[in-house]
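Undergrad: I'd like to ask some things about the structure below.
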Amino acid sequence: ILNVEQSPQSLHVQEGDSTNFTCSFPSSNFYALHWYRWETAKSPEALFVMTLNGDEKKKGRISATLNTKEGYSYLYIKGSQPEDSATYLCAFWASGGSNYKLTFGKGTLLTVNP
Amino acid sequence: DVKVTQSSRYLVKRTGEKVFLECVQDMDHENMFWYRQDPGLGLRLIYFSYDVKMKEKGDIPEGYSVSREKKERFSLILESASTNQTSMYLCASSLLGRGNEQFFGPGTRLTVL
């Protein structure tokens, strides 16, 4: 069973603060890492699909980095806004074995206070 | 606008009932998935399908079955609902192949009394 860990479990920040959280995954057999944002009462939506060591991706105020050799990814939010409040999920895709199975972390719940 | 829809947002059933959860996607995706989400646990894969009439067990298939008669529709069946199947159920779809992002439905919160 693959272990994908996210930290912290939850986070409260003030509007305007910048924040970041971590996803740790097995460093061997890496194929891809996904980040999803899941807002309350909505569907999870993909933020980033990352495949290369050293990858950095950006979407507006949100960015992510990837280190496949040490098995971690960071998600950064610059100048948090209340609408950023959501659960952020990372999911690991291993090479070899099944070609469909994503292993999800338990998520980081972000609350941005106005 | 791509879409994955699920038949119900909220559902309440009694122990022993047969329950059908329906999922439809309009993106012509080959892959479809059923997950459940429980407090303190990540999304756990119940079943997966990569083609019509094809299915694969995920991590927690016990107590569930699935049906995929048409490419756009993937059904999750609880043969005899039990209280430990009270959960949030999410359907997702993706293009065939490894590593493609998954598109999720809004979820069905099922309560089994």
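By order of appearance in the structure tokens: chains A, B, ..., then residues from 1 within every chain, and ligands from 1 in the order shown.
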Using only C-alpha atoms, find each residue in chain A having at least one atom no more than 12 Å away from chain B; report its shortest atom-to-atom pair and that distance in Å (one decimal), rows by chain then rising number, as a tab-separated table.
TA:
residue	atom	partner	partner_atom	distance
A:Ile1	CA	B:Asp59	CA	9.4
A:Leu2	CA	B:Asp59	CA	11.4
A:Asn3	CA	B:Gly42	CA	10.8
A:Val4	CA	B:Gly42	CA	9.3
A:Glu5	CA	B:Gly42	CA	9.7
A:Gln6	CA	B:Gly42	CA	10.1
A:Gln9	CA	B:Gly40	CA	9.2
A:Ser10	CA	B:Gly40	CA	11.4
A:Phe30	CA	B:Gly99	CA	10.6
A:Tyr31	CA	B:Gly99	CA	7.1
A:Ala32	CA	B:Gly99	CA	5.8
A:Leu33	CA	B:Gly99	CA	8.0
A:His34	CA	B:Glu101	CA	7.2
A:Trp35	CA	B:Glu101	CA	9.3
A:Tyr36	CA	B:Glu101	CA	9.2
A:Arg37	CA	B:Phe104	CA	11.0
A:Trp38	CA	B:Pro106	CA	9.9
A:Glu39	CA	B:Pro106	CA	10.2
A:Thr40	CA	B:Pro106	CA	9.8
A:Ala41	CA	B:Pro106	CA	7.1
A:Lys42	CA	B:Pro106	CA	5.5
A:Ser43	CA	B:Pro106	CA	4.4
A:Pro44	CA	B:Phe104	CA	5.9
A:Glu45	CA	B:Phe103	CA	6.7
A:Ala46	CA	B:Glu101	CA	6.5
A:Leu47	CA	B:Glu101	CA	9.2
A:Phe48	CA	B:Glu101	CA	8.4
A:Val49	CA	B:Glu101	CA	6.8
A:Met50	CA	B:Gly99	CA	9.1
A:Thr51	CA	B:Gly99	CA	8.5
A:Thr87	CA	B:Gly42	CA	11.2
A:Tyr88	CA	B:Gly42	CA	11.2
A:Leu89	CA	B:Gly42	CA	8.5
A:Cys90	CA	B:Gly42	CA	9.7
A:Ala91	CA	B:Leu43	CA	9.4
A:Phe92	CA	B:Gly99	CA	8.9
A:Trp93	CA	B:Gly99	CA	6.3
A:Ala94	CA	B:Gly99	CA	8.8
A:Ser95	CA	B:Arg98	CA	8.5
A:Gly96	CA	B:Arg98	CA	9.9
A:Gly97	CA	B:Arg98	CA	10.6
A:Ser98	CA	B:Arg98	CA	8.7
A:Asn99	CA	B:Arg98	CA	5.1
A:Tyr100	CA	B:Arg98	CA	6.0
A:Lys101	CA	B:Leu45	CA	8.0
A:Leu102	CA	B:Gly99	CA	8.2
A:Thr103	CA	B:Arg44	CA	7.8
A:Phe104	CA	B:Gly42	CA	5.7
A:Gly105	CA	B:Gly42	CA	5.3
A:Lys106	CA	B:Gly42	CA	3.9
A:Gly107	CA	B:Gly42	CA	7.0
A:Thr108	CA	B:Gly42	CA	10.6
A:Leu109	CA	B:Gly40	CA	11.3
Undergrad: Put those residues in a file: C-alpha atoms, as a short mmCIF file (atom, residue, chain, number, x, y, z; two decimals), in the first residue's frame.
TA:
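Result file again.cif:
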data_model
loop_
_atom_site.label_atom_id
_atom_site.label_comp_id
_atom_site.auth_asym_id
_atom_site.auth_seq_id
_atom_site.Cartn_x
_atom_site.Cartn_y
_atom_site.Cartn_z
CA ILE A 1 0.00 0.00 0.00
CA LEU A 2 1.44 3.35 -1.05
CA ASN A 3 1.67 6.04 1.61
CA VAL A 4 0.81 9.61 0.64
CA GLU A 5 1.01 12.04 3.55
CA GLN A 6 -0.21 15.62 3.64
CA GLN A 9 -4.21 18.42 8.31
CA SER A 10 -5.80 21.83 8.68
CA PHE A 30 7.22 7.91 -9.48
CA TYR A 31 5.04 8.66 -12.49
CA ALA A 32 2.91 11.71 -11.68
CA LEU A 33 1.60 13.85 -8.87
CA HIS A 34 -1.77 15.59 -8.95
CA TRP A 35 -3.09 18.46 -6.83
CA TYR A 36 -6.84 18.92 -6.49
CA ARG A 37 -8.90 21.62 -4.79
CA TRP A 38 -12.17 20.56 -3.19
CA GLU A 39 -14.49 23.36 -2.12
CA THR A 40 -17.45 22.61 0.10
CA ALA A 41 -20.53 21.52 -1.85
CA LYS A 42 -18.55 21.37 -5.10
CA SER A 43 -16.59 18.75 -7.02
CA PRO A 44 -12.84 18.32 -6.58
CA GLU A 45 -11.03 20.11 -9.41
CA ALA A 46 -7.55 19.47 -10.69
CA LEU A 47 -5.06 22.26 -10.04
CA PHE A 48 -1.86 20.71 -11.34
CA VAL A 49 -0.56 17.50 -12.90
CA MET A 50 3.17 17.28 -12.34
CA THR A 51 5.48 14.71 -13.86
CA THR A 87 -9.54 21.05 1.07
CA TYR A 88 -6.41 20.55 -1.01
CA LEU A 89 -5.73 16.96 -2.03
CA CYS A 90 -2.59 15.53 -3.51
CA ALA A 91 -2.59 12.21 -5.34
CA PHE A 92 0.33 10.03 -6.39
CA TRP A 93 0.53 7.93 -9.51
CA ALA A 94 3.14 5.16 -9.45
CA SER A 95 4.91 3.83 -12.50
CA GLY A 96 4.58 0.14 -13.11
CA GLY A 97 1.72 -1.93 -11.81
CA SER A 98 -1.80 -0.70 -12.34
CA ASN A 99 -2.19 2.10 -14.87
CA TYR A 100 -5.28 3.57 -13.30
CA LYS A 101 -4.76 3.86 -9.59
CA LEU A 102 -4.23 7.21 -7.97
CA THR A 103 -3.39 7.11 -4.27
CA PHE A 104 -4.79 10.15 -2.48
CA GLY A 105 -3.57 11.86 0.65
CA LYS A 106 -6.07 12.80 3.34
CA GLY A 107 -5.97 16.45 2.38
CA THR A 108 -5.19 19.79 3.98
CA LEU A 109 -8.22 21.85 4.98
#
Undergrad: Pull the strand (DSSP E) assignments for chain B out of DSSP run on the backbone, and list those residues as a VMD selection string.
TA: chain B and resid 4 to 6 10 to 13 19 to 25 31 to 37 44 to 49 56 to 57 64 to 70 73 to 78 87 to 94 103 to 104 108 to 112
Undergrad: With only C-alpha atoms as the counted atoms, please give the residues lying no more than 10 Å from Met27 (chain B), apart from itself and same-chain residues fewer than 3 positions off, as a ChimeraX atom specification.
TA: /B:1-4,24,30,71-72,93-95,103
Undergrad: Since we have the selection now, will you write its residues out, keeping N, CA, C and O atoms, as an mmCIF file, in the first residue's frame?
TA:
data_model
loop_
_atom_site.group_PDB
_atom_site.id
_atom_site.type_symbol
_atom_site.label_atom_id
_atom_site.label_comp_id
_atom_site.auth_asym_id
_atom_site.auth_seq_id
_atom_site.Cartn_x
_atom_site.Cartn_y
_atom_site.Cartn_z
ATOM 1 N N ASP B 1 -18.536 23.152 -21.366
ATOM 2 C CA ASP B 1 -18.124 22.918 -19.987
ATOM 3 C C ASP B 1 -18.253 21.431 -19.678
ATOM 4 O O ASP B 1 -19.333 20.877 -19.757
ATOM 5 N N VAL B 2 -17.131 20.809 -19.358
ATOM 6 C CA VAL B 2 -17.145 19.369 -19.126
ATOM 7 C C VAL B 2 -17.903 19.051 -17.855
ATOM 8 O O VAL B 2 -17.949 19.841 -16.921
ATOM 9 N N LYS B 3 -18.485 17.870 -17.826
ATOM 10 C CA LYS B 3 -19.343 17.603 -16.690
ATOM 11 C C LYS B 3 -19.387 16.125 -16.320
ATOM 12 O O LYS B 3 -19.446 15.244 -17.190
ATOM 13 N N VAL B 4 -19.356 15.905 -15.013
ATOM 14 C CA VAL B 4 -19.660 14.598 -14.460
ATOM 15 C C VAL B 4 -20.822 14.829 -13.508
ATOM 16 O O VAL B 4 -20.737 15.657 -12.595
ATOM 17 N N VAL B 24 -22.835 9.912 -14.700
ATOM 18 C CA VAL B 24 -22.812 10.133 -16.151
ATOM 19 C C VAL B 24 -21.778 11.209 -16.466
ATOM 20 O O VAL B 24 -21.727 12.234 -15.802
ATOM 21 N N GLU B 30 -12.753 7.306 -21.386
ATOM 22 C CA GLU B 30 -12.762 5.851 -21.298
ATOM 23 C C GLU B 30 -12.821 5.375 -19.836
ATOM 24 O O GLU B 30 -13.484 4.408 -19.522
ATOM 25 N N LYS B 71 -20.714 3.818 -22.451
ATOM 26 C CA LYS B 71 -19.453 4.489 -22.160
ATOM 27 C C LYS B 71 -19.632 5.645 -21.182
ATOM 28 O O LYS B 71 -18.777 5.904 -20.333
ATOM 29 N N GLU B 72 -20.739 6.370 -21.278
ATOM 30 C CA GLU B 72 -20.904 7.572 -20.482
ATOM 31 C C GLU B 72 -21.452 7.315 -19.080
ATOM 32 O O GLU B 72 -21.489 8.224 -18.270
ATOM 33 N N SER B 93 -14.036 10.639 -13.846
ATOM 34 C CA SER B 93 -13.701 10.075 -15.152
ATOM 35 C C SER B 93 -12.391 10.688 -15.639
ATOM 36 O O SER B 93 -11.971 11.753 -15.169
ATOM 37 N N SER B 94 -11.740 9.996 -16.565
ATOM 38 C CA SER B 94 -10.510 10.520 -17.159
ATOM 39 C C SER B 94 -10.299 9.867 -18.512
ATOM 40 O O SER B 94 -10.911 8.841 -18.834
ATOM 41 N N LEU B 95 -9.398 10.467 -19.262
ATOM 42 C CA LEU B 95 -8.977 9.831 -20.506
ATOM 43 C C LEU B 95 -8.237 8.538 -20.193
ATOM 44 O O LEU B 95 -7.691 8.364 -19.099
ATOM 45 N N PHE B 103 -11.731 14.029 -13.506
ATOM 46 C CA PHE B 103 -12.825 14.988 -13.384
ATOM 47 C C PHE B 103 -13.889 14.358 -12.491
ATOM 48 O O PHE B 103 -14.350 13.252 -12.765
#
Undergrad: Give the answer as one residue: which of A:Ser27, A:Ile62, A:Leu110, A:Ser80 has the shortest atom-to-atom distance to Ser7 (chain A), using only C-alpha atoms?
TA: A:Leu110
Undergrad: Quick one: residues within 8 Å of Thr111 (chain A), only C-alpha atoms, excluding same-chain residues fewer than 5 positions away - as a PyMOL selection string?
TA: chain A and resi 10-13+82+84-86
Undergrad: Just want the 10 Å neighbourhood of Ser63 (chain A), counted on only C-alpha atoms, with same-chain residues fewer than 3 positions away dropped. Output as number ranges by chain.
TA: A: 20, 47-48, 56-60, 74-78
Undergrad: Since we have the selection now, will you write its residues out, keeping all heavy atoms, as a short mmCIF file (atom, residue, chain, number, x, y, z; two decimals), in the first residue's frame?
TA:
data_model
loop_
_atom_site.label_atom_id
_atom_site.label_comp_id
_atom_site.auth_asym_id
_atom_site.auth_seq_id
_atom_site.Cartn_x
_atom_site.Cartn_y
_atom_site.Cartn_z
N ASN A 20 1.66 27.68 2.74
CA ASN A 20 2.06 26.53 1.94
C ASN A 20 1.81 25.25 2.70
O ASN A 20 1.75 25.27 3.94
CB ASN A 20 3.54 26.63 1.53
CG ASN A 20 4.47 26.56 2.71
OD1 ASN A 20 4.83 25.48 3.18
ND2 ASN A 20 4.86 27.71 3.23
N LEU A 47 -5.86 21.03 -9.98
CA LEU A 47 -5.06 22.26 -10.04
C LEU A 47 -3.84 22.02 -10.93
O LEU A 47 -3.55 22.80 -11.83
CB LEU A 47 -4.59 22.65 -8.64
CG LEU A 47 -5.63 23.25 -7.70
CD1 LEU A 47 -5.05 23.38 -6.29
CD2 LEU A 47 -6.11 24.59 -8.20
N PHE A 48 -3.10 20.96 -10.62
CA PHE A 48 -1.86 20.71 -11.34
C PHE A 48 -1.67 19.20 -11.53
O PHE A 48 -2.03 18.41 -10.66
CB PHE A 48 -0.65 21.23 -10.56
CG PHE A 48 -0.71 22.70 -10.20
CD1 PHE A 48 -0.83 23.10 -8.89
CD2 PHE A 48 -0.67 23.67 -11.19
CE1 PHE A 48 -0.89 24.44 -8.56
CE2 PHE A 48 -0.73 25.01 -10.88
CZ PHE A 48 -0.84 25.40 -9.55
N GLU A 56 7.85 23.25 -11.71
CA GLU A 56 7.13 24.27 -10.98
C GLU A 56 5.96 24.68 -11.84
O GLU A 56 6.13 24.97 -13.03
CB GLU A 56 8.02 25.49 -10.71
CG GLU A 56 9.10 25.25 -9.69
CD GLU A 56 9.81 26.52 -9.27
OE1 GLU A 56 9.17 27.59 -9.25
OE2 GLU A 56 11.01 26.45 -8.97
N LYS A 57 4.77 24.71 -11.23
CA LYS A 57 3.59 25.09 -12.01
C LYS A 57 2.88 26.21 -11.27
O LYS A 57 2.94 26.30 -10.05
CB LYS A 57 2.66 23.90 -12.20
CG LYS A 57 3.30 22.77 -12.99
CD LYS A 57 2.34 22.12 -13.94
CE LYS A 57 3.08 21.17 -14.87
NZ LYS A 57 2.23 20.53 -15.83
N LYS A 58 2.19 27.05 -12.03
CA LYS A 58 1.54 28.20 -11.43
C LYS A 58 0.18 28.43 -12.08
O LYS A 58 0.04 28.30 -13.30
CB LYS A 58 2.41 29.45 -11.60
CG LYS A 58 1.95 30.65 -10.82
CD LYS A 58 2.94 31.79 -10.92
CE LYS A 58 2.45 32.97 -10.10
NZ LYS A 58 3.35 34.13 -10.19
N LYS A 59 -0.79 28.77 -11.23
CA LYS A 59 -2.11 29.13 -11.71
C LYS A 59 -2.58 30.29 -10.85
O LYS A 59 -3.00 30.10 -9.71
CB LYS A 59 -3.06 27.93 -11.60
CG LYS A 59 -4.42 28.15 -12.20
CD LYS A 59 -5.31 26.91 -12.01
CE LYS A 59 -4.94 25.80 -12.96
NZ LYS A 59 -5.93 24.69 -12.95
N GLY A 60 -2.46 31.49 -11.37
CA GLY A 60 -2.83 32.67 -10.59
C GLY A 60 -1.94 32.81 -9.37
O GLY A 60 -0.71 32.84 -9.48
N TYR A 74 5.31 20.80 -2.76
CA TYR A 74 4.76 21.89 -1.98
C TYR A 74 3.70 22.62 -2.80
O TYR A 74 3.89 22.83 -4.01
CB TYR A 74 5.84 22.91 -1.60
CG TYR A 74 6.89 22.42 -0.64
CD1 TYR A 74 8.23 22.73 -0.85
CD2 TYR A 74 6.56 21.67 0.47
CE1 TYR A 74 9.21 22.29 0.02
CE2 TYR A 74 7.53 21.23 1.35
CZ TYR A 74 8.85 21.55 1.13
OH TYR A 74 9.82 21.11 1.99
N LEU A 75 2.65 23.02 -2.15
CA LEU A 75 1.65 23.90 -2.77
C LEU A 75 1.70 25.23 -2.02
O LEU A 75 1.65 25.26 -0.79
CB LEU A 75 0.25 23.29 -2.66
CG LEU A 75 -0.82 24.00 -3.47
CD1 LEU A 75 -0.73 23.58 -4.93
CD2 LEU A 75 -2.22 23.70 -2.94
N TYR A 76 1.82 26.31 -2.79
CA TYR A 76 1.91 27.65 -2.21
C TYR A 76 0.70 28.47 -2.63
O TYR A 76 0.29 28.42 -3.80
CB TYR A 76 3.16 28.39 -2.72
CG TYR A 76 4.47 27.73 -2.42
CD1 TYR A 76 5.05 26.85 -3.32
CD2 TYR A 76 5.16 28.02 -1.25
CE1 TYR A 76 6.28 26.25 -3.05
CE2 TYR A 76 6.38 27.44 -0.97
CZ TYR A 76 6.92 26.55 -1.88
OH TYR A 76 8.14 25.96 -1.61
N ILE A 77 0.18 29.24 -1.70
CA ILE A 77 -0.86 30.21 -2.04
C ILE A 77 -0.39 31.57 -1.58
O ILE A 77 -0.12 31.78 -0.39
CB ILE A 77 -2.22 29.86 -1.40
CG1 ILE A 77 -2.65 28.45 -1.83
CG2 ILE A 77 -3.27 30.88 -1.82
CD1 ILE A 77 -3.96 27.98 -1.22
N LYS A 78 -0.31 32.49 -2.51
CA LYS A 78 0.18 33.83 -2.21
C LYS A 78 -1.01 34.75 -1.98
O LYS A 78 -1.95 34.76 -2.78
CB LYS A 78 1.01 34.34 -3.40
CG LYS A 78 1.69 35.66 -3.17
CD LYS A 78 2.54 36.02 -4.38
CE LYS A 78 3.18 37.38 -4.19
NZ LYS A 78 3.97 37.78 -5.37
#
Undergrad: Closest to Phe20 (chain B) among B:Glu62, B:Thr86, B:Arg73, B:Ser7, using only C-alpha atoms?
TA: B:Ser7
Undergrad: Go ahead and compute the interatomic distance for CA of Thr108 (chain B) and CA of Leu78 (chain B), in Å to one decimal.
TA: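 Separating CA of Thr108 (chain B) from CA of Leu78 (chain B) is a distance of 13.4 Å.
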Undergrad: If we count only C-alpha atoms, what is near Leu21 (chain B) at a cut-off of 8 Å, once residues fewer than 5 positions away on the same chain are taken out, given as a list in words?
TA: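 In the requested form, the answer reads Gln6, Ser7, Ser8, Ser75, Leu76, Ile77 and Thr108 of chain B.
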Undergrad: Kindly give the distance, in Å, that separates CA of Leu66 (chain A) and CA of Phe25 (chain A), rounded to a single decimal.
TA: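 CA of Phe25 (chain A) lies at a distance of 10.7 Å from CA of Leu66 (chain A).
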Undergrad: How many Å separate CA of Glu79 (chain B) from CA of Asp28 (chain B)?
TA: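 Separation of CA of Glu79 (chain B) and CA of Asp28 (chain B): 28.1 Å.
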Undergrad: For Glu69 (chain B), work out the shell of residues within 10 Å, counting only C-alpha atoms and skipping chain neighbours fewer than 6 positions away, then give it as a list in words.
TA: Asp51, Val52, Lys53, Met54 and Ser75 of chain B
Undergrad: For N, CA, C and O atoms, I'd like the residues from the last selection saved as a short mmCIF file (atom, residue, chain, number, x, y, z; two decimals), in the first residue's frame.
TA:
data_model
loop_
_atom_site.label_atom_id
_atom_site.label_comp_id
_atom_site.auth_asym_id
_atom_site.auth_seq_id
_atom_site.Cartn_x
_atom_site.Cartn_y
_atom_site.Cartn_z
N ASP B 51 -13.45 0.61 -19.84
CA ASP B 51 -14.17 0.43 -21.10
C ASP B 51 -15.55 -0.12 -20.78
O ASP B 51 -15.78 -0.66 -19.68
N VAL B 52 -16.44 -0.05 -21.73
CA VAL B 52 -17.77 -0.62 -21.54
C VAL B 52 -17.66 -2.09 -21.16
O VAL B 52 -16.86 -2.83 -21.76
N LYS B 53 -18.41 -2.45 -20.17
CA LYS B 53 -18.49 -3.82 -19.64
C LYS B 53 -17.20 -4.30 -18.97
O LYS B 53 -17.12 -5.45 -18.55
N MET B 54 -16.20 -3.43 -18.88
CA MET B 54 -14.96 -3.82 -18.19
C MET B 54 -14.94 -3.17 -16.81
O MET B 54 -15.34 -2.01 -16.65
N SER B 75 -22.38 2.81 -12.95
CA SER B 75 -23.26 2.69 -11.80
C SER B 75 -22.58 1.92 -10.68
O SER B 75 -21.88 0.93 -10.93
#
